[in-house]
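Here's the structure, in structure tokens; my notes come after.
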Amino acid sequence: MLEINDLKISIGVHQIVSIEHLSIPAGRRLGLVGESGSGKTMTAMSIIGLLPREAVVTGSIKFQGVEMVNRSERNLSKLRGSEIGTIFQDPLRALNPTMRVGKQVGEALRLHNTVPKKRVKQRTIELLDQVQLPDPETLARRYPHQLSGGQRQRVLIAMAIACDPKLLIADEPTTALDVTVQKEILELLARLSDERDMAVLFVSHDLGVIQAISAHVAVLYGGILVETGPTDQIVRSPHHRYTEALVSVNPGHPEDITAALGRPLVTIKGSVPPLGSFLPGCRFRGRCPHEVERCAEPPPISVATHEHTFRCWNPLDSASSLPSDDAELAAGLQ
Amino acid sequence: MTDQARSADAPLPDNDDIELFEITSRAAKRRVPAQLMIGAAIVSMIVGIGVVSIFWTPYDLNAVDVPNQFIPPGSDGYLLGTDKLGRDMTSQIMAGARNSLLVSMVSTVGSLIPGVLIGLLAAGASPFWLRFISRLTDIGIALPGILVALVLGTSLGPGNPTAIIAIMFWFIPTVARVTMGPARQILSRDFVEAAQAYGRPRRFILFRHVLPNIGPLIIVQASVMFALAILIEAALSYLGIGAQRPTPSWGRLLKEAQPLIDKAPYLMIIPGVTIMVAVIGFNLLGDGLRSFLDPQQTAKGSR
Amino acid sequence: MTDLLEVDGLYFNYQTGSRRRDVNSKWTLRDISVTITAGSTVGVVGESGSGKSTLVRLMCGLLVSSKGSISFDGRSVRDWLSEDRREFHRRNQIVFQSPASSLDPRLRIKTSLSEPTKALEKRTPESTELSGWLRDVGLSGEVLSRYPHQLSGGQLQRIAVARALSVRPEVLFADEPTSALDVSVQAQVLNLLMGLKHQHGLTLMLVSHDLAVVARLCERIIVLKDGQIVEEGETAQVMTDPKTEYTRTLVAASRATTLAT
């Protein structure tokens, strides 16, 4: 349903994102995980063309067979909100503070003419109910500031799914929420995705949250996809050294809390290099504790299992995966 | 576990968005906005003329020379012509510049200091005082400036000092109001709490932490006020409250030219256009400064 | 083990400035009683609106309450603030959540770092001292001449910690110190706090919404809900066998959204 090939996003002289291949089949929930400076938001926004004016995009993003890169603004805006829904991190900023929330959901419906005018109100209530907002009729008449953070996010979700999109892009939607609300919203998104066969691209820096909602994950570092595959498999047996590190630095809930208390966490040496100062070859060079000489060349795609691929010269589980010389085989297995 | 110190170009990677702003706004910052350049050019010109007029004008500003009255502009020896009493217009305009600048500067600075002070202290005060002062400034802003000026003019008599006081009455509430919002915003930042946590008193925080952080805002406000002050001074002089003869004033020239508009329209047009150019110049300067100093100038456009 | 900080029957309400005392006005904190022993690490967890940030601010003297008492080293905080304010602040310091917001953007790091010493010890620190403080948090002296916007979140947070520890406090309060940081940077800062705690024998009070973070650092946990303590005790105990419904929900939600390997 969504196919990204050879996507390169640059601003000025800096190449921020370079993704050879990423695809999302219909109905799949894919997590895009990366820390600051990984380019995850840029990647997500490039799908719907919401990038700064200065950004230059090359390559191909095909949504349902239609090319999205450098598509005209008019065509893009027709797709946004109708075929592709988006939710962001801060619902307070995404909602109009002077408009009642019901009206805002109604706007989303009216904008794309999916529903005849007289049915808009009814459909709004239905949507608010579907996102599990209590007493939707009353709530629809409230203003955003009268709602809690979780409620606002649900309103945003209602707006995003109003026109039954095939793809939902969620950029850190639960980061600003309390953990109990976070759990509820994630469950809601998963349910909606299952019920409507709606794919979700879930962008986050939190691997734990991604594990909770997406069965598949793509790990970004320095704008490059370093590992992709089924989430549980990747978390349990990561191959790329950055993925391995990302999993280790996560505090998690250890089995033996008393034993873990006060024991230093594993860390990644150094910090993400500023743009333009990555070493040639693998981007994780300079921070990787398992660097070898070959890392000075960009590593090719290797295959661990069907669907689980990574790019590393010296991966964690060397025995079961050597860099594939058979590029076709590798490409075919993605 | 040593963190390499970053190069000066390294942005704050708290999230991808912020990184983007840094990159794009750095590119934008290198461009000096056109308004700033044009505004600065006009303002320098006017300041130049005003300064020169202190030492030299083509003719004595107030020299009455009736036989040479009503000479149209563009004539030999009289670039902008003469008025009904034969006084040279060029000289009067030049000198008017210096008067406008003087009044504007004094009234702007004279309003900024008490205005910012009140705004800062109110921002740092208890909610009660904050509300009280806000209401006071509301009243101040609501009062029509011209009327207040007229009342002052009647009680104090016409002249530059009156004009200056009138403008200050007009400006001070606005400055206070404009300072309070941003000051409160800064006060809610963590570094203010940190300063409190290491024992800095309120006054210190207001003047050493808040004030420098709202500095650019005040500078922009000042340039806008300056433009307005020129306009108000001209208006007050036109109404007869401003500088009287022999002190030069553009507004008064307008007033004197009014009954003669049929006979010698240039007498009105010249000071009118001058006032307009001066105000536009200062406004552009203010706009330009604001664009230049605002780091979020580059909005996220869509492709 | 001495009781360093004692809170007893604390109530707090943010003043709205109105004279009329609303009978229904909500207390931000209600009947809080807590004892912190010297050298311990205590975690305060709760969701938004629980009052955890308010509690910490009251304990380090940034806010003052009129009902209930807080005492530090045997003396009430109110007395400390009116009689011996500087000494109190010297012994109690705090780091905040947002690294970008913790430092005055108009001041160089060198200046910001010197501030507590100037304010509380009435002297300007030597450059050797400044470099030493930075070294303790794993930064090189090169950052001294920089401005906050030139540095990363992790670096800024380390500087905030260095600044707080520059006056050698006994107690360090940390209000969500790693919430605004990437997980890899969070690990570095948490390790830093752990190390410094041992190095300086600090009493650490950590506020966080992230139970996983708290579990790594704190021996004791206090759970706040709507301004009241609903549960407290040894971390391992509270996490594996919570006694109250709310804590159970909280722990379950945290486990559901935390990485499971």
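In the structure tokens, chains take letters A, B, ... by order of appearance, with residues numbered from 1 within each chain and ligands from 1 in the order shown.
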Restrict the distance test to only C-alpha atoms, flag each residue of chain A within 10 Å of chain B, and return the flagged residues as a compact mmCIF listing (two decimals) with N, CA and C atoms, in the first residue's frame.
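The resulting result-v3.txt:
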```txt
# COMPACT_ATOMS: atom_id res chain seq x y z
N ILE A 11 18.46 19.10 3.13
CA ILE A 11 18.25 20.53 3.35
C ILE A 11 19.61 21.19 3.20
N GLY A 12 19.70 22.05 2.21
CA GLY A 12 20.99 22.65 1.93
C GLY A 12 21.96 21.57 1.50
N HIS A 14 23.09 19.27 3.52
CA HIS A 14 22.99 18.09 4.40
C HIS A 14 21.96 17.11 3.90
N GLU A 35 16.01 8.25 17.56
CA GLU A 35 16.18 9.31 18.54
C GLU A 35 16.21 10.66 17.82
N SER A 36 16.54 11.71 18.56
CA SER A 36 16.59 13.03 17.94
C SER A 36 17.63 13.01 16.84
N GLY A 37 17.32 13.66 15.75
CA GLY A 37 18.29 13.74 14.67
C GLY A 37 18.29 12.50 13.79
N SER A 38 17.37 11.58 14.01
CA SER A 38 17.35 10.38 13.18
C SER A 38 16.60 10.62 11.88
N GLY A 39 15.81 11.68 11.84
CA GLY A 39 15.06 11.98 10.63
C GLY A 39 13.71 11.28 10.55
N LYS A 40 13.24 10.74 11.69
CA LYS A 40 11.99 9.98 11.62
C LYS A 40 10.79 10.85 11.29
N THR A 41 10.73 12.06 11.90
CA THR A 41 9.60 12.93 11.61
C THR A 41 9.64 13.39 10.16
N MET A 42 10.83 13.72 9.69
CA MET A 42 10.97 14.14 8.30
C MET A 42 10.46 13.07 7.35
N MET A 45 6.70 12.93 7.50
CA MET A 45 6.07 14.10 6.90
C MET A 45 6.27 14.14 5.38
N SER A 46 7.32 13.48 4.91
CA SER A 46 7.57 13.52 3.47
C SER A 46 6.49 12.74 2.72
N ILE A 48 3.32 12.91 3.24
CA ILE A 48 2.22 13.80 2.89
C ILE A 48 2.70 15.18 2.47
N GLY A 49 4.00 15.29 2.24
CA GLY A 49 4.51 16.54 1.69
C GLY A 49 4.52 17.71 2.65
N LEU A 50 4.55 17.45 3.94
CA LEU A 50 4.57 18.56 4.91
C LEU A 50 5.99 18.81 5.38
N LEU A 51 6.82 19.22 4.45
CA LEU A 51 8.21 19.48 4.81
C LEU A 51 8.50 20.96 4.64
N PRO A 52 9.53 21.46 5.28
CA PRO A 52 9.86 22.87 5.08
C PRO A 52 10.18 23.15 3.62
N ARG A 53 9.97 24.39 3.23
CA ARG A 53 10.19 24.79 1.85
C ARG A 53 11.59 24.43 1.36
N GLU A 54 12.54 24.49 2.29
CA GLU A 54 13.94 24.30 1.88
C GLU A 54 14.30 22.84 1.61
N ALA A 55 13.40 21.93 1.99
CA ALA A 55 13.74 20.52 1.87
C ALA A 55 13.64 20.06 0.43
N VAL A 56 14.62 19.29 0.01
CA VAL A 56 14.62 18.75 -1.34
C VAL A 56 14.44 17.24 -1.25
N VAL A 57 13.43 16.74 -1.94
CA VAL A 57 13.12 15.31 -1.85
C VAL A 57 13.33 14.63 -3.19
N VAL A 69 5.94 11.93 -4.24
CA VAL A 69 7.05 12.87 -4.20
C VAL A 69 6.84 13.96 -5.23
N ASN A 70 6.99 15.20 -4.79
CA ASN A 70 6.84 16.35 -5.68
C ASN A 70 5.47 16.44 -6.34
N ARG A 71 4.51 15.83 -5.69
CA ARG A 71 3.14 15.95 -6.16
C ARG A 71 2.67 17.37 -5.91
N SER A 72 1.69 17.83 -6.69
CA SER A 72 1.24 19.21 -6.52
C SER A 72 0.51 19.35 -5.19
N GLU A 73 0.59 20.56 -4.66
CA GLU A 73 -0.03 20.84 -3.38
C GLU A 73 -1.52 20.52 -3.41
N LEU A 76 -2.02 16.82 -3.15
CA LEU A 76 -1.65 16.35 -1.82
C LEU A 76 -2.73 16.67 -0.80
N HIS A 205 10.25 7.81 19.64
CA HIS A 205 11.61 7.58 20.12
C HIS A 205 11.58 6.48 21.18
N THR A 267 25.19 2.39 28.38
CA THR A 267 25.00 3.62 27.61
C THR A 267 25.69 3.49 26.26
N ILE A 268 25.30 4.40 25.38
CA ILE A 268 25.98 4.48 24.09
C ILE A 268 27.00 5.59 24.20
N LYS A 269 28.23 5.29 23.88
CA LYS A 269 29.30 6.26 24.01
C LYS A 269 29.02 7.47 23.13
N GLY A 270 29.32 8.66 23.65
CA GLY A 270 29.21 9.87 22.84
C GLY A 270 27.78 10.28 22.57
N SER A 271 27.58 11.02 21.52
CA SER A 271 26.23 11.44 21.15
C SER A 271 26.12 11.53 19.64
N VAL A 272 24.89 11.72 19.17
CA VAL A 272 24.66 11.77 17.73
C VAL A 272 25.49 12.91 17.13
N PRO A 273 26.29 12.63 16.12
CA PRO A 273 27.11 13.69 15.53
C PRO A 273 26.23 14.73 14.85
N PRO A 274 26.67 15.97 14.85
CA PRO A 274 25.87 16.98 14.17
C PRO A 274 25.81 16.68 12.67
N LEU A 275 24.79 17.22 12.03
CA LEU A 275 24.59 16.97 10.60
C LEU A 275 25.85 17.28 9.82
N GLY A 276 26.13 16.41 8.90
CA GLY A 276 27.27 16.70 8.05
C GLY A 276 28.58 16.23 8.62
N SER A 277 28.58 15.73 9.86
CA SER A 277 29.86 15.28 10.39
C SER A 277 29.87 13.78 10.69
```
Exercise. Could you list the residues in chain A lying within 8 Å of chain C, using only C-alpha atoms, and format the result as a ChimeraX atom specification?
Key: /A:35-36,178-180,182-183,205-209,211-212,232,235-236,246-247,249-253,257-258,260-268,271
Any chance you can output those residues with C-alpha atoms as a PDB file, in the first residue's frame?
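That gives us part39.pdb:
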```pdb
ATOM      1  CA  GLU A  35      16.175   9.313  18.539  1.00  0.00           C
ATOM      2  CA  SER A  36      16.588  13.029  17.935  1.00  0.00           C
ATOM      3  CA  ASP A 178       0.183  10.176  31.306  1.00  0.00           C
ATOM      4  CA  VAL A 179       1.131   6.533  31.206  1.00  0.00           C
ATOM      5  CA  THR A 180      -2.359   5.225  31.995  1.00  0.00           C
ATOM      6  CA  GLN A 182      -1.020   6.340  26.967  1.00  0.00           C
ATOM      7  CA  LYS A 183      -1.983   2.707  27.357  1.00  0.00           C
ATOM      8  CA  HIS A 205      11.606   7.578  20.123  1.00  0.00           C
ATOM      9  CA  ASP A 206      10.214   5.098  22.637  1.00  0.00           C
ATOM     10  CA  LEU A 207      10.815   1.507  21.690  1.00  0.00           C
ATOM     11  CA  GLY A 208       8.603   0.302  24.526  1.00  0.00           C
ATOM     12  CA  VAL A 209       5.594   2.183  23.169  1.00  0.00           C
ATOM     13  CA  GLN A 211       6.498  -2.617  20.946  1.00  0.00           C
ATOM     14  CA  ALA A 212       3.095  -2.130  22.553  1.00  0.00           C
ATOM     15  CA  ASP A 232       9.448  -8.804  19.069  1.00  0.00           C
ATOM     16  CA  VAL A 235      13.892  -6.608  20.413  1.00  0.00           C
ATOM     17  CA  ARG A 236      14.758 -10.122  21.478  1.00  0.00           C
ATOM     18  CA  LEU A 246      18.893   1.008  21.909  1.00  0.00           C
ATOM     19  CA  VAL A 247      17.437  -2.045  23.564  1.00  0.00           C
ATOM     20  CA  VAL A 249      19.848   1.500  27.292  1.00  0.00           C
ATOM     21  CA  ASN A 250      16.152   1.232  27.890  1.00  0.00           C
ATOM     22  CA  PRO A 251      15.638   1.025  31.683  1.00  0.00           C
ATOM     23  CA  GLY A 252      12.714  -1.351  31.284  1.00  0.00           C
ATOM     24  CA  HIS A 253      11.224  -3.249  34.192  1.00  0.00           C
ATOM     25  CA  ILE A 257      14.228  -4.875  40.893  1.00  0.00           C
ATOM     26  CA  THR A 258      16.309  -5.042  44.047  1.00  0.00           C
ATOM     27  CA  ALA A 260      19.007  -3.835  39.435  1.00  0.00           C
ATOM     28  CA  LEU A 261      18.727  -0.936  41.867  1.00  0.00           C
ATOM     29  CA  GLY A 262      21.637   1.420  41.651  1.00  0.00           C
ATOM     30  CA  ARG A 263      23.385  -0.557  38.936  1.00  0.00           C
ATOM     31  CA  PRO A 264      24.520   1.701  36.131  1.00  0.00           C
ATOM     32  CA  LEU A 265      22.636   1.410  32.867  1.00  0.00           C
ATOM     33  CA  VAL A 266      24.326   0.500  29.633  1.00  0.00           C
ATOM     34  CA  THR A 267      25.003   3.617  27.613  1.00  0.00           C
ATOM     35  CA  ILE A 268      25.980   4.482  24.091  1.00  0.00           C
ATOM     36  CA  SER A 271      26.231  11.439  21.151  1.00  0.00           C
TER      37      SER A 271
END
```
Would you kindly report the residues of chain C within 6 Å of chain B, using only C-alpha atoms, as a tab-separated table (two decimals) with C-alpha atoms, in the first residue's frame?
```tsv
chain	number	residue	atom	x	y	z
C	17	GLY	CA	-5.03	36.28	44.23
C	89	HIS	CA	19.55	26.99	49.55
C	101	SER	CA	14.70	26.15	29.73
C	102	SER	CA	17.03	25.65	32.70
C	103	LEU	CA	19.67	28.05	31.56
C	104	ASP	CA	19.35	31.73	30.74
C	116	PRO	CA	24.93	29.76	42.59
C	138	GLY	CA	31.56	14.34	32.03
C	139	LEU	CA	31.94	17.54	30.03
C	150	GLN	CA	24.77	25.69	20.82
C	151	LEU	CA	24.58	22.62	23.02
C	152	SER	CA	22.55	19.42	23.06
```
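Closest approach to Ala162 (chain A) among A:Arg196, A:Arg191, A:His239, A:Arg123: A:Arg123, based on only C-alpha atoms.
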Quiz item: Using the chain letters and numbers from this document, which residues of region 12-254 of chain C does DSSP assign to helix (DSSP H, G or I), as an MDAnalysis selection string?
Solution: chainID C and resid 52:59 77:83 85:91 99:102 109:120 127:136 141:145 148:150 153:165 183:200 211:217 235:240 245:254
Practice problem: Just list the residues in region 26-65 of chain A DSSP gives strand (DSSP E or B) on the backbone, as a VMD selection string. | Solution: chain A and resid 29 to 33 55 to 63
Please provide as a compact mmCIF listing (two decimals) with N, CA and C atoms, in the first residue's frame all residues within 8 Å of region 154-156 of chain A, with the sequence filter that same-chain residues fewer than 4 positions apart are discarded (counting only C-alpha atoms).
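Output (out34.txt):
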```txt
# COMPACT_ATOMS: atom_id res chain seq x y z
N ILE A 87 -1.91 12.30 13.06
CA ILE A 87 -2.04 12.86 14.41
C ILE A 87 -0.66 13.19 14.95
N PRO A 91 -1.79 17.71 21.12
CA PRO A 91 -3.15 17.96 20.63
C PRO A 91 -3.62 19.38 20.91
N ALA A 94 -2.69 21.32 17.99
CA ALA A 94 -3.27 20.91 16.71
C ALA A 94 -4.74 21.29 16.60
N LEU A 95 -5.37 21.55 17.74
CA LEU A 95 -6.78 21.91 17.72
C LEU A 95 -6.98 23.41 17.77
N VAL A 101 -15.10 21.35 19.74
CA VAL A 101 -14.43 20.17 19.15
C VAL A 101 -15.32 19.43 18.17
N VAL A 105 -14.36 18.32 14.25
CA VAL A 105 -14.46 16.99 13.63
C VAL A 105 -15.36 17.10 12.40
N LEU A 128 -16.93 10.31 17.65
CA LEU A 128 -16.48 10.59 19.02
C LEU A 128 -16.75 9.39 19.91
N VAL A 131 -14.07 6.67 19.34
CA VAL A 131 -12.79 6.89 20.00
C VAL A 131 -12.95 6.86 21.52
N GLN A 132 -14.07 6.31 21.93
CA GLN A 132 -14.33 6.06 23.35
C GLN A 132 -14.38 7.30 24.20
N LEU A 133 -14.94 8.37 23.66
CA LEU A 133 -15.17 9.55 24.47
C LEU A 133 -16.54 9.42 25.13
N GLY A 150 -5.77 13.47 27.26
CA GLY A 150 -6.19 12.22 26.62
C GLY A 150 -7.43 12.42 25.76
N ALA A 160 -8.81 12.40 12.47
CA ALA A 160 -7.91 11.76 11.52
C ALA A 160 -8.56 10.58 10.82
N ILE A 185 -4.83 4.98 24.83
CA ILE A 185 -4.78 5.49 23.46
C ILE A 185 -4.14 4.46 22.54
```
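Here CA of Asp73 (chain C) stands at a distance of 9.8 Å from CA of Phe88 (chain C).
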